[in-house]
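What follows is the content of coords-v8.cif (mmCIF, N, CA and C atoms (P, O5', C5', C4', C3', O3' and C1' of nucleotides)).
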```cif
data_query
#
loop_
_atom_site.label_atom_id
_atom_site.label_comp_id
_atom_site.auth_asym_id
_atom_site.auth_seq_id
_atom_site.Cartn_x
_atom_site.Cartn_y
_atom_site.Cartn_z
N MET I 809 6.15 57.78 38.18
CA MET I 809 7.36 58.52 38.02
C MET I 809 7.28 59.73 38.91
N GLY I 810 6.42 60.65 38.65
CA GLY I 810 6.39 61.85 39.48
C GLY I 810 6.28 61.54 40.95
N LEU I 811 5.60 60.47 41.25
CA LEU I 811 5.42 60.19 42.68
C LEU I 811 6.58 59.43 43.25
N GLU I 812 7.69 60.00 43.19
CA GLU I 812 8.89 59.39 43.76
C GLU I 812 8.82 59.56 45.25
N LYS I 813 8.56 58.56 45.98
CA LYS I 813 8.54 58.69 47.44
C LYS I 813 9.87 58.22 47.95
N THR I 814 10.46 58.94 48.77
CA THR I 814 11.74 58.58 49.34
C THR I 814 11.77 57.11 49.64
N GLN I 815 11.93 56.36 48.69
CA GLN I 815 11.93 54.93 48.91
C GLN I 815 13.23 54.47 49.49
N MET I 816 13.44 54.64 50.74
CA MET I 816 14.67 54.18 51.38
C MET I 816 14.67 52.67 51.35
N LYS I 817 15.59 52.12 50.64
CA LYS I 817 15.68 50.67 50.61
C LYS I 817 16.02 50.18 52.00
N SER I 818 15.29 49.24 52.44
CA SER I 818 15.58 48.68 53.76
C SER I 818 16.92 47.97 53.71
N PHE I 819 17.45 47.77 54.85
CA PHE I 819 18.74 47.08 54.94
C PHE I 819 18.67 45.76 54.17
N LYS I 820 17.57 45.10 54.29
CA LYS I 820 17.37 43.83 53.62
C LYS I 820 17.47 43.99 52.11
N GLU I 821 16.82 44.98 51.59
CA GLU I 821 16.85 45.22 50.14
C GLU I 821 18.27 45.47 49.67
N LYS I 822 18.98 46.26 50.42
CA LYS I 822 20.38 46.56 50.04
C LYS I 822 21.21 45.29 50.02
N VAL I 823 21.02 44.49 51.03
CA VAL I 823 21.78 43.23 51.11
C VAL I 823 21.49 42.37 49.89
N PHE I 824 20.23 42.26 49.53
CA PHE I 824 19.87 41.45 48.37
C PHE I 824 20.55 41.98 47.11
N GLU I 825 20.51 43.27 46.93
CA GLU I 825 21.14 43.87 45.74
C GLU I 825 22.63 43.56 45.69
N ILE I 826 23.27 43.71 46.81
CA ILE I 826 24.71 43.47 46.88
C ILE I 826 25.05 42.01 46.59
N VAL I 827 24.32 41.12 47.21
CA VAL I 827 24.59 39.69 47.02
C VAL I 827 24.33 39.29 45.57
N LYS I 828 23.33 39.87 44.97
CA LYS I 828 23.01 39.56 43.58
C LYS I 828 24.17 39.90 42.67
N LYS I 829 24.93 40.90 43.07
CA LYS I 829 26.05 41.36 42.23
C LYS I 829 27.31 40.53 42.38
N ILE I 830 27.28 39.56 43.24
CA ILE I 830 28.47 38.72 43.41
C ILE I 830 28.62 37.80 42.19
N SER I 831 29.74 37.95 41.51
CA SER I 831 29.97 37.15 40.29
C SER I 831 30.24 35.69 40.64
N ARG I 832 30.00 34.83 39.68
CA ARG I 832 30.19 33.40 39.90
C ARG I 832 31.66 33.11 40.17
N GLY I 833 31.89 32.21 41.10
CA GLY I 833 33.26 31.87 41.47
C GLY I 833 33.84 32.82 42.50
N LYS I 834 33.07 33.86 42.84
CA LYS I 834 33.57 34.82 43.84
C LYS I 834 32.79 34.66 45.14
N THR I 835 33.35 35.19 46.17
CA THR I 835 32.68 35.09 47.47
C THR I 835 32.87 36.37 48.27
N MET I 836 31.90 36.65 49.12
CA MET I 836 32.01 37.83 49.99
C MET I 836 31.73 37.41 51.42
N THR I 837 32.27 38.15 52.34
CA THR I 837 32.02 37.83 53.74
C THR I 837 30.80 38.62 54.24
N TYR I 838 30.20 38.14 55.29
CA TYR I 838 29.02 38.81 55.85
C TYR I 838 29.39 40.24 56.23
N LYS I 839 30.56 40.40 56.76
CA LYS I 839 30.98 41.74 57.18
C LYS I 839 31.11 42.65 55.97
N GLN I 840 31.64 42.12 54.91
CA GLN I 840 31.80 42.91 53.69
C GLN I 840 30.45 43.37 53.18
N VAL I 841 29.52 42.45 53.12
CA VAL I 841 28.17 42.79 52.65
C VAL I 841 27.54 43.83 53.56
N ALA I 842 27.70 43.63 54.85
CA ALA I 842 27.13 44.56 55.83
C ALA I 842 27.71 45.95 55.62
N LYS I 843 28.99 46.00 55.39
CA LYS I 843 29.67 47.29 55.19
C LYS I 843 29.15 47.96 53.92
N MET I 844 28.98 47.17 52.88
CA MET I 844 28.48 47.73 51.61
C MET I 844 27.05 48.22 51.78
N ALA I 845 26.33 47.57 52.68
CA ALA I 845 24.93 47.96 52.91
C ALA I 845 24.84 49.21 53.77
N GLY I 846 25.97 49.62 54.29
CA GLY I 846 25.97 50.84 55.09
C GLY I 846 26.11 50.59 56.58
N LEU I 847 26.10 49.33 56.98
CA LEU I 847 26.26 49.03 58.40
C LEU I 847 27.37 48.00 58.59
N PRO I 848 28.58 48.47 58.74
CA PRO I 848 29.76 47.59 58.86
C PRO I 848 29.66 46.62 60.03
N ARG I 849 28.76 46.89 60.96
CA ARG I 849 28.68 46.00 62.12
C ARG I 849 27.43 45.15 62.10
N ALA I 850 26.71 45.18 61.00
CA ALA I 850 25.46 44.42 60.94
C ALA I 850 25.68 43.04 60.32
N CYS I 851 26.84 42.50 60.53
CA CYS I 851 27.16 41.19 59.93
C CYS I 851 26.09 40.16 60.32
N ARG I 852 25.60 40.24 61.55
CA ARG I 852 24.59 39.28 62.00
C ARG I 852 23.28 39.54 61.31
N ALA I 853 22.92 40.77 61.20
CA ALA I 853 21.65 41.11 60.55
C ALA I 853 21.68 40.59 59.12
N VAL I 854 22.82 40.66 58.47
CA VAL I 854 22.93 40.16 57.09
C VAL I 854 22.57 38.69 57.04
N GLY I 855 23.16 37.93 57.92
CA GLY I 855 22.87 36.50 57.95
C GLY I 855 21.40 36.25 58.22
N ASN I 856 20.83 37.05 59.10
CA ASN I 856 19.42 36.88 59.44
C ASN I 856 18.54 37.16 58.24
N VAL I 857 18.88 38.19 57.49
CA VAL I 857 18.09 38.55 56.31
C VAL I 857 18.20 37.45 55.25
N LEU I 858 19.39 36.99 55.01
CA LEU I 858 19.59 35.95 53.99
C LEU I 858 18.89 34.67 54.41
N ASN I 859 18.80 34.46 55.68
CA ASN I 859 18.16 33.24 56.17
C ASN I 859 16.69 33.19 55.77
N LYS I 860 16.08 34.33 55.73
CA LYS I 860 14.66 34.38 55.37
C LYS I 860 14.47 34.44 53.87
N ASN I 861 15.55 34.59 53.16
CA ASN I 861 15.44 34.68 51.70
C ASN I 861 15.36 33.29 51.07
N TYR I 862 14.35 33.08 50.26
CA TYR I 862 14.21 31.79 49.59
C TYR I 862 14.26 31.98 48.08
N ASP I 863 14.79 33.10 47.63
CA ASP I 863 14.87 33.39 46.20
C ASP I 863 16.15 32.81 45.60
N SER I 864 16.00 31.85 44.72
CA SER I 864 17.18 31.22 44.11
C SER I 864 17.93 32.20 43.24
N LYS I 865 17.29 33.30 42.90
CA LYS I 865 17.95 34.30 42.05
C LYS I 865 19.04 35.02 42.83
N ILE I 866 18.99 34.89 44.13
CA ILE I 866 20.00 35.53 44.96
C ILE I 866 21.04 34.50 45.41
N PRO I 867 22.23 34.59 44.85
CA PRO I 867 23.30 33.63 45.17
C PRO I 867 23.84 33.82 46.58
N CYS I 868 22.97 33.68 47.53
CA CYS I 868 23.39 33.90 48.91
C CYS I 868 24.42 32.86 49.34
N HIS I 869 24.60 31.82 48.57
CA HIS I 869 25.59 30.79 48.93
C HIS I 869 27.01 31.30 48.71
N ARG I 870 27.13 32.47 48.10
CA ARG I 870 28.46 33.03 47.88
C ARG I 870 28.88 33.92 49.04
N VAL I 871 28.08 33.97 50.04
CA VAL I 871 28.42 34.77 51.22
C VAL I 871 28.93 33.83 52.31
N ILE I 872 30.16 34.04 52.69
CA ILE I 872 30.76 33.17 53.70
C ILE I 872 31.28 33.97 54.89
N ARG I 873 31.83 33.29 55.85
CA ARG I 873 32.34 33.96 57.04
C ARG I 873 33.67 34.64 56.77
N THR I 874 34.00 35.54 57.66
CA THR I 874 35.26 36.27 57.50
C THR I 874 36.46 35.36 57.67
N ASP I 875 36.33 34.35 58.49
CA ASP I 875 37.46 33.45 58.74
C ASP I 875 37.59 32.40 57.64
N GLY I 876 36.77 32.49 56.63
CA GLY I 876 36.87 31.56 55.51
C GLY I 876 35.93 30.37 55.63
N SER I 877 35.28 30.25 56.77
CA SER I 877 34.34 29.13 56.92
C SER I 877 33.15 29.34 55.99
N VAL I 878 32.49 28.27 55.62
CA VAL I 878 31.38 28.38 54.69
C VAL I 878 30.17 29.03 55.35
N GLY I 879 30.00 28.81 56.63
CA GLY I 879 28.84 29.39 57.32
C GLY I 879 27.63 28.51 57.20
N GLY I 880 26.46 29.07 57.10
CA GLY I 880 25.23 28.27 57.03
C GLY I 880 24.49 28.50 55.73
N TYR I 881 23.38 27.82 55.59
CA TYR I 881 22.60 27.94 54.35
C TYR I 881 21.20 27.41 54.61
N ASN I 882 20.19 28.15 54.18
CA ASN I 882 18.82 27.75 54.44
C ASN I 882 18.44 26.49 53.67
N ARG I 883 19.29 26.02 52.80
CA ARG I 883 19.00 24.81 52.02
C ARG I 883 19.92 23.68 52.45
N GLY I 884 20.73 23.91 53.46
CA GLY I 884 21.64 22.84 53.90
C GLY I 884 23.09 23.26 53.72
N ARG I 885 23.81 23.22 54.74
CA ARG I 885 25.22 23.63 54.71
C ARG I 885 25.97 22.91 53.60
N GLN I 886 25.76 21.61 53.54
CA GLN I 886 26.48 20.81 52.55
C GLN I 886 26.19 21.30 51.13
N LYS I 887 24.97 21.67 50.90
CA LYS I 887 24.58 22.15 49.56
C LYS I 887 25.39 23.40 49.21
N LYS I 888 25.50 24.26 50.17
CA LYS I 888 26.27 25.49 49.96
C LYS I 888 27.72 25.16 49.64
N ILE I 889 28.26 24.23 50.37
CA ILE I 889 29.65 23.81 50.13
C ILE I 889 29.79 23.28 48.71
N ASN I 890 28.84 22.48 48.30
CA ASN I 890 28.89 21.91 46.96
C ASN I 890 28.85 22.99 45.90
N LEU I 891 27.96 23.94 46.07
CA LEU I 891 27.84 25.03 45.10
C LEU I 891 29.15 25.80 45.00
N LEU I 892 29.70 26.14 46.13
CA LEU I 892 30.97 26.90 46.12
C LEU I 892 32.07 26.07 45.48
N ARG I 893 32.10 24.79 45.82
CA ARG I 893 33.12 23.92 45.28
C ARG I 893 32.97 23.83 43.76
N ASN I 894 31.71 23.79 43.33
CA ASN I 894 31.42 23.70 41.90
C ASN I 894 31.87 24.96 41.18
N GLU I 895 31.62 26.10 41.76
CA GLU I 895 32.01 27.36 41.13
C GLU I 895 33.51 27.57 41.20
N LYS I 896 34.07 26.91 42.14
CA LYS I 896 35.52 27.04 42.30
C LYS I 896 36.22 26.52 41.06
N THR I 897 35.61 25.55 40.42
CA THR I 897 36.21 24.94 39.22
C THR I 897 35.65 25.56 37.97
N ILE I 898 35.73 26.82 37.85
CA ILE I 898 35.19 27.48 36.64
C ILE I 898 35.79 26.84 35.40
P DC G 796 6.42 53.35 69.35
"O5'" DC G 796 6.55 52.23 70.49
"C5'" DC G 796 5.83 52.40 71.69
"C4'" DC G 796 5.96 51.21 72.60
"C3'" DC G 796 7.42 50.76 72.75
"O3'" DC G 796 7.63 50.35 74.10
"C1'" DC G 796 6.12 49.02 71.84
P DA G 797 9.14 50.14 74.62
"O5'" DA G 797 9.15 48.56 74.84
"C5'" DA G 797 8.20 47.97 75.72
"C4'" DA G 797 8.51 46.48 75.90
"C3'" DA G 797 9.99 46.18 76.15
"O3'" DA G 797 10.09 45.12 77.10
"C1'" DA G 797 9.29 45.14 74.13
P DT G 798 11.49 44.46 77.46
"O5'" DT G 798 11.51 43.14 76.56
"C5'" DT G 798 10.37 42.29 76.58
"C4'" DT G 798 10.63 41.04 75.76
"C3'" DT G 798 12.05 40.48 75.91
"O3'" DT G 798 11.98 39.07 76.08
"C1'" DT G 798 11.56 40.90 73.62
P DT G 799 13.26 38.14 76.19
"O5'" DT G 799 13.31 37.49 74.73
"C5'" DT G 799 12.13 36.89 74.23
"C4'" DT G 799 12.36 36.31 72.85
"C3'" DT G 799 13.63 35.46 72.73
"O3'" DT G 799 13.30 34.25 72.04
"C1'" DT G 799 13.64 37.19 71.10
P DT G 800 14.42 33.12 71.83
"O5'" DT G 800 14.87 33.44 70.34
"C5'" DT G 800 13.87 33.55 69.33
"C4'" DT G 800 14.49 33.88 67.98
"C3'" DT G 800 15.77 33.08 67.66
"O3'" DT G 800 15.64 32.52 66.36
"C1'" DT G 800 16.11 35.38 67.32
P DG G 801 16.26 31.06 66.09
"O5'" DG G 801 17.60 31.47 65.29
"C5'" DG G 801 17.47 32.12 64.04
"C4'" DG G 801 18.81 32.76 63.64
"C3'" DG G 801 20.04 31.88 63.92
"O3'" DG G 801 20.82 31.75 62.74
"C1'" DG G 801 20.33 34.07 64.75
P DA G 802 20.74 30.20 62.17
"O5'" DA G 802 21.75 30.22 60.97
"C5'" DA G 802 23.09 30.49 61.18
"C4'" DA G 802 23.86 30.89 59.98
"C3'" DA G 802 24.18 32.38 59.99
"O3'" DA G 802 25.56 32.50 59.78
"C1'" DA G 802 23.45 31.75 57.86
P DC G 803 26.55 32.53 61.07
"O5'" DC G 803 26.71 34.10 61.21
"C5'" DC G 803 26.79 34.94 60.09
"C4'" DC G 803 27.74 36.11 60.35
"C3'" DC G 803 29.20 35.71 60.50
"O3'" DC G 803 30.03 36.72 59.92
"C1'" DC G 803 28.45 36.70 62.49
P DG G 804 31.58 36.64 59.95
"O5'" DG G 804 31.95 37.53 61.22
"C5'" DG G 804 31.63 38.91 61.21
"C4'" DG G 804 32.46 39.66 62.25
"C3'" DG G 804 33.92 39.21 62.26
"O3'" DG G 804 34.76 40.34 62.46
"C1'" DG G 804 32.89 38.73 64.35
P DC G 805 36.34 40.14 62.50
"O5'" DC G 805 36.68 40.28 64.06
"C5'" DC G 805 36.17 41.40 64.78
"C4'" DC G 805 36.47 41.27 66.26
"C3'" DC G 805 37.90 40.79 66.53
"O3'" DC G 805 38.52 41.60 67.52
"C1'" DC G 805 36.32 39.41 67.65
P DC G 806 40.08 41.40 67.80
"O5'" DC G 806 40.03 41.03 69.34
"C5'" DC G 806 39.13 41.72 70.20
"C4'" DC G 806 39.08 41.04 71.56
"C3'" DC G 806 40.44 40.58 72.06
"O3'" DC G 806 40.58 40.86 73.43
"C1'" DC G 806 38.93 38.74 71.96
P DA G 807 42.01 40.71 74.12
"O5'" DA G 807 41.66 39.67 75.27
"C5'" DA G 807 40.49 39.88 76.07
"C4'" DA G 807 40.24 38.66 76.95
"C3'" DA G 807 41.49 38.17 77.68
"O3'" DA G 807 41.14 37.70 78.98
"C1'" DA G 807 40.69 36.48 76.21
P DA G 808 42.36 37.19 79.93
"O5'" DA G 808 42.15 35.62 79.90
"C5'" DA G 808 40.88 35.06 80.21
"C4'" DA G 808 40.91 33.54 80.05
"C3'" DA G 808 42.18 32.90 80.62
"O3'" DA G 808 41.85 31.69 81.29
"C1'" DA G 808 41.94 32.31 78.35
P DT E 1305 46.69 28.71 63.96
"O5'" DT E 1305 46.19 27.59 64.96
"C5'" DT E 1305 46.81 26.35 65.22
"C4'" DT E 1305 45.89 25.45 66.04
"C3'" DT E 1305 44.42 25.72 65.74
"O3'" DT E 1305 43.70 24.49 65.73
"C1'" DT E 1305 44.89 26.21 68.03
P DT E 1306 42.17 24.42 65.25
"O5'" DT E 1306 41.36 24.39 66.63
"C5'" DT E 1306 41.73 23.46 67.65
"C4'" DT E 1306 40.90 23.68 68.90
"C3'" DT E 1306 39.43 23.96 68.60
"O3'" DT E 1306 38.61 23.21 69.51
"C1'" DT E 1306 40.33 25.71 69.90
P DT E 1307 36.99 23.30 69.45
"O5'" DT E 1307 36.71 24.26 70.68
"C5'" DT E 1307 37.34 23.99 71.93
"C4'" DT E 1307 36.77 24.89 73.02
"C3'" DT E 1307 35.29 25.17 72.90
"O3'" DT E 1307 34.68 25.02 74.17
"C1'" DT E 1307 36.50 27.22 72.93
P DG E 1308 33.10 25.25 74.39
"O5'" DG E 1308 33.08 26.67 75.11
"C5'" DG E 1308 33.96 26.90 76.21
"C4'" DG E 1308 33.72 28.29 76.78
"C3'" DG E 1308 32.26 28.70 76.83
"O3'" DG E 1308 32.02 29.37 78.07
"C1'" DG E 1308 33.48 30.24 75.46
P DG E 1309 30.55 29.88 78.44
"O5'" DG E 1309 30.66 31.44 78.18
"C5'" DG E 1309 31.81 32.13 78.63
"C4'" DG E 1309 31.85 33.54 78.07
"C3'" DG E 1309 30.49 34.24 78.04
"O3'" DG E 1309 30.62 35.50 78.67
"C1'" DG E 1309 31.53 34.38 75.91
P DC E 1310 29.26 36.35 78.94
"O5'" DC E 1310 29.50 37.56 77.95
"C5'" DC E 1310 30.73 38.30 78.02
"C4'" DC E 1310 30.84 39.29 76.87
"C3'" DC E 1310 29.60 40.17 76.69
"O3'" DC E 1310 30.00 41.51 76.58
"C1'" DC E 1310 30.18 39.12 74.65
P DG E 1311 28.94 42.67 76.53
"O5'" DG E 1311 29.02 43.13 75.00
"C5'" DG E 1311 30.31 43.48 74.47
"C4'" DG E 1311 30.20 43.78 72.97
"C3'" DG E 1311 29.01 44.70 72.61
"O3'" DG E 1311 29.42 45.63 71.63
"C1'" DG E 1311 28.86 42.67 71.42
P DC E 1312 28.40 46.84 71.27
"O5'" DC E 1312 28.64 47.03 69.69
"C5'" DC E 1312 29.00 45.97 68.87
"C4'" DC E 1312 27.98 45.69 67.77
"C3'" DC E 1312 26.73 46.56 67.81
"O3'" DC E 1312 26.58 47.24 66.55
"C1'" DC E 1312 26.14 44.26 67.62
P DC E 1313 25.42 48.37 66.41
"O5'" DC E 1313 24.31 47.59 65.56
"C5'" DC E 1313 24.64 47.08 64.28
"C4'" DC E 1313 23.48 46.31 63.69
"C3'" DC E 1313 22.15 47.03 63.86
"O3'" DC E 1313 21.49 47.12 62.62
"C1'" DC E 1313 21.99 44.78 64.57
P DA E 1314 20.28 48.14 62.49
"O5'" DA E 1314 19.27 47.25 61.63
"C5'" DA E 1314 19.68 46.78 60.35
"C4'" DA E 1314 18.92 45.51 59.99
"C3'" DA E 1314 17.43 45.76 59.80
"O3'" DA E 1314 16.97 44.98 58.72
"C1'" DA E 1314 17.79 44.21 61.57
P DA E 1315 15.53 45.28 58.16
"O5'" DA E 1315 14.75 44.00 58.73
"C5'" DA E 1315 15.22 42.71 58.37
"C4'" DA E 1315 14.48 41.62 59.12
"C3'" DA E 1315 12.95 41.76 59.07
"O3'" DA E 1315 12.39 40.51 58.75
"C1'" DA E 1315 13.69 41.58 61.32
P DA E 1316 10.81 40.35 58.64
"O5'" DA E 1316 10.50 39.41 59.90
"C5'" DA E 1316 11.31 38.27 60.13
"C4'" DA E 1316 10.88 37.56 61.41
"C3'" DA E 1316 9.35 37.41 61.54
"O3'" DA E 1316 9.06 36.14 62.10
"C1'" DA E 1316 10.19 38.67 63.35
P DT E 1317 7.52 35.69 62.24
"O5'" DT E 1317 7.23 35.90 63.78
"C5'" DT E 1317 8.10 35.31 64.74
"C4'" DT E 1317 7.61 35.62 66.14
"C3'" DT E 1317 6.09 35.63 66.28
"O3'" DT E 1317 5.70 34.92 67.46
"C1'" DT E 1317 6.98 37.66 67.06
#
```
Before anything else, please render the file you have as structure tokens.
Amino acid sequence: MGLEKTQMKSFKEKVFEIVKKISRGKTMTYKQVAKMAGLPRACRAVGNVLNKNYDSKIPCHRVIRTDGSVGGYNRGRQKKINLLRNEKTI
DNA sequence: CATTTGACGCCAA
DNA sequence: TTTGGCGCCAAAT
């Protein structure tokens, strides 16, 4: 506790926190996440960070492109589409 | 420390 | 509308 070191969350950490907060059936764009993380132009960096993420606790499949395209997924594009489609039918 | 990578976004043709 | 190319940025190598 006392030893609070300016723990600046890395951009990656911020992205994970933001994506974790995406409710089921909802979706966010890479640009939106980047903006929330403090870098409105780091849309690419967001995708890069999520690409290295293998934590199922992070619903990174809810992050899509700004133009509405599903984008990519480290587990298979089709899988991401299925998940989104599944959540679509709440 | 320099260079490459890549799940993006936007514009001109 | 679709395609090609450029910009932009953190993380990995």
Legend entry - Residues of chain G within 5 Å of chain I, all atoms listed in the file counted, as a list in words: DA802, DC803 and DG804 of chain G
Inset, instruction - Determine which residues of chain E sit within 9 Å of chain I, taking into account only C-alpha atoms (C1' of nucleotides), and present them as a PyMOL selection string. - result: chain E and resi 1312-1315
Legend entry - Which of chain I DSSP labels strand (DSSP E), written as JSON, numbers by chain: {"I": [836, 837, 871, 872]}
Inset, instruction - May I ask for the distance between atom P of DG801 of chain G and atom CA of Asn894 of chain I, given in Å to one decimal place? - result: 29.5 Å
Inset, instruction - Taking the file as shown, find all residues satisfying the PyMOL selection byres (((chain G and resi 808 and name CA+C1') around 10) and name CA+C1') and write them as a list in words. - result: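 On the file shown, the PyMOL selection byres (((chain G and resi 808 and name CA+C1') around 10) and name CA+C1') covers DC806 and DA807 of chain G; DT1307 and DG1308 of chain E.
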Inset, instruction - Identify, with DSSP run on backbone atoms, the residues in chain I assigned to helix (DSSP H, G or I), and express the list as an MDAnalysis selection string. - result: chainID I and resid 819:828 838:844 851:860 868:870 885:896
Let me know the centre plus edge lengths, in Å and rounded to one decimal, of a box with edges along x, y and z that contains all listed atoms of segment 1305-1314 of chain E and is padded by 6 Å on every side, as lines of an AutoDock Vina configuration file.
```
center_x = 31.9
center_y = 35.8
center_z = 68.8
size_x = 41.8
size_y = 37.2
size_z = 32.2
```
Inset, instruction - Skip Ala845 of chain I itself and residues of its chain fewer than 3 positions away, then list as a list in words all residues within 6 Å of it, counting only C-alpha atoms (C1' of nucleotides). - result: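 So, after excluding close chain neighbours, the residues are Lys822, Val823 and Ala842 of chain I.
Going from atom C4' of DT1306 of chain E over to atom C1' of DC805 of chain G, you cover 16.4 Å.
Selection result for the displayed file, with the PyMOL selection byres (((chain G and resi 799 and name CA+C1') around 8) and name CA+C1') as criterion, is DT798 and DT800 of chain G; DT1317 of chain E.
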Using N, CA and C atoms (P, O5', C5', C4', C3', O3' and C1' of nucleotides), can you export the residues from the last selection as an mmCIF file, in the frame of the given file?
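File produced: result25.cif:
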```cif
data_model
loop_
_atom_site.group_PDB
_atom_site.id
_atom_site.type_symbol
_atom_site.label_atom_id
_atom_site.label_comp_id
_atom_site.auth_asym_id
_atom_site.auth_seq_id
_atom_site.Cartn_x
_atom_site.Cartn_y
_atom_site.Cartn_z
ATOM 1 P P DT G 798 11.490 44.460 77.460
ATOM 2 O "O5'" DT G 798 11.510 43.140 76.560
ATOM 3 C "C5'" DT G 798 10.370 42.290 76.580
ATOM 4 C "C4'" DT G 798 10.630 41.040 75.760
ATOM 5 C "C3'" DT G 798 12.050 40.480 75.910
ATOM 6 O "O3'" DT G 798 11.980 39.070 76.080
ATOM 7 C "C1'" DT G 798 11.560 40.900 73.620
ATOM 8 P P DT G 800 14.420 33.120 71.830
ATOM 9 O "O5'" DT G 800 14.870 33.440 70.340
ATOM 10 C "C5'" DT G 800 13.870 33.550 69.330
ATOM 11 C "C4'" DT G 800 14.490 33.880 67.980
ATOM 12 C "C3'" DT G 800 15.770 33.080 67.660
ATOM 13 O "O3'" DT G 800 15.640 32.520 66.360
ATOM 14 C "C1'" DT G 800 16.110 35.380 67.320
ATOM 15 P P DT E 1317 7.520 35.690 62.240
ATOM 16 O "O5'" DT E 1317 7.230 35.900 63.780
ATOM 17 C "C5'" DT E 1317 8.100 35.310 64.740
ATOM 18 C "C4'" DT E 1317 7.610 35.620 66.140
ATOM 19 C "C3'" DT E 1317 6.090 35.630 66.280
ATOM 20 O "O3'" DT E 1317 5.700 34.920 67.460
ATOM 21 C "C1'" DT E 1317 6.980 37.660 67.060
#
```
Inset, instruction - State, in Å with one decimal place, the distance from atom C of Gln840 of chain I to atom CA of Ile826 of chain I. - result: 8.5 Å
Since the input is missing atoms, can you rebuild N, CA, C and O atoms for segment 865-876 of chain I and write them as a PDB file, in the coordinates of the input?
```pdb
ATOM      1  N   LYS I 865      17.290  33.300  42.900  1.00  0.00           N
ATOM      2  CA  LYS I 865      17.950  34.300  42.050  1.00  0.00           C
ATOM      3  C   LYS I 865      19.040  35.020  42.830  1.00  0.00           C
ATOM      4  O   LYS I 865      19.867  35.707  42.269  1.00  0.00           O
ATOM      5  N   ILE I 866      18.990  34.890  44.130  1.00  0.00           N
ATOM      6  CA  ILE I 866      20.000  35.530  44.960  1.00  0.00           C
ATOM      7  C   ILE I 866      21.040  34.500  45.410  1.00  0.00           C
ATOM      8  O   ILE I 866      20.749  33.635  46.212  1.00  0.00           O
ATOM      9  N   PRO I 867      22.230  34.590  44.850  1.00  0.00           N
ATOM     10  CA  PRO I 867      23.300  33.630  45.170  1.00  0.00           C
ATOM     11  C   PRO I 867      23.840  33.820  46.580  1.00  0.00           C
ATOM     12  O   PRO I 867      25.014  34.082  46.770  1.00  0.00           O
ATOM     13  N   CYS I 868      22.970  33.680  47.530  1.00  0.00           N
ATOM     14  CA  CYS I 868      23.390  33.900  48.910  1.00  0.00           C
ATOM     15  C   CYS I 868      24.420  32.860  49.340  1.00  0.00           C
ATOM     16  O   CYS I 868      25.064  33.021  50.360  1.00  0.00           O
ATOM     17  N   HIS I 869      24.600  31.820  48.570  1.00  0.00           N
ATOM     18  CA  HIS I 869      25.590  30.790  48.930  1.00  0.00           C
ATOM     19  C   HIS I 869      27.010  31.300  48.710  1.00  0.00           C
ATOM     20  O   HIS I 869      27.969  30.655  49.097  1.00  0.00           O
ATOM     21  N   ARG I 870      27.130  32.470  48.100  1.00  0.00           N
ATOM     22  CA  ARG I 870      28.460  33.030  47.880  1.00  0.00           C
ATOM     23  C   ARG I 870      28.880  33.920  49.040  1.00  0.00           C
ATOM     24  O   ARG I 870      29.932  34.552  48.967  1.00  0.00           O
ATOM     25  N   VAL I 871      28.080  33.970  50.040  1.00  0.00           N
ATOM     26  CA  VAL I 871      28.420  34.770  51.220  1.00  0.00           C
ATOM     27  C   VAL I 871      28.930  33.830  52.310  1.00  0.00           C
ATOM     28  O   VAL I 871      28.221  32.926  52.737  1.00  0.00           O
ATOM     29  N   ILE I 872      30.160  34.040  52.690  1.00  0.00           N
ATOM     30  CA  ILE I 872      30.760  33.170  53.700  1.00  0.00           C
ATOM     31  C   ILE I 872      31.280  33.970  54.890  1.00  0.00           C
ATOM     32  O   ILE I 872      31.197  35.200  54.875  1.00  0.00           O
ATOM     33  N   ARG I 873      31.830  33.290  55.850  1.00  0.00           N
ATOM     34  CA  ARG I 873      32.340  33.960  57.040  1.00  0.00           C
ATOM     35  C   ARG I 873      33.670  34.640  56.770  1.00  0.00           C
ATOM     36  O   ARG I 873      34.365  34.301  55.831  1.00  0.00           O
ATOM     37  N   THR I 874      34.000  35.540  57.660  1.00  0.00           N
ATOM     38  CA  THR I 874      35.260  36.270  57.500  1.00  0.00           C
ATOM     39  C   THR I 874      36.460  35.360  57.670  1.00  0.00           C
ATOM     40  O   THR I 874      37.488  35.567  57.039  1.00  0.00           O
ATOM     41  N   ASP I 875      36.330  34.350  58.490  1.00  0.00           N
ATOM     42  CA  ASP I 875      37.460  33.450  58.740  1.00  0.00           C
ATOM     43  C   ASP I 875      37.590  32.400  57.640  1.00  0.00           C
ATOM     44  O   ASP I 875      38.437  31.524  57.713  1.00  0.00           O
ATOM     45  N   GLY I 876      36.770  32.490  56.630  1.00  0.00           N
ATOM     46  CA  GLY I 876      36.870  31.560  55.510  1.00  0.00           C
ATOM     47  C   GLY I 876      35.930  30.370  55.630  1.00  0.00           C
ATOM     48  O   GLY I 876      35.802  29.594  54.700  1.00  0.00           O
TER      49      GLY I 876
END
```
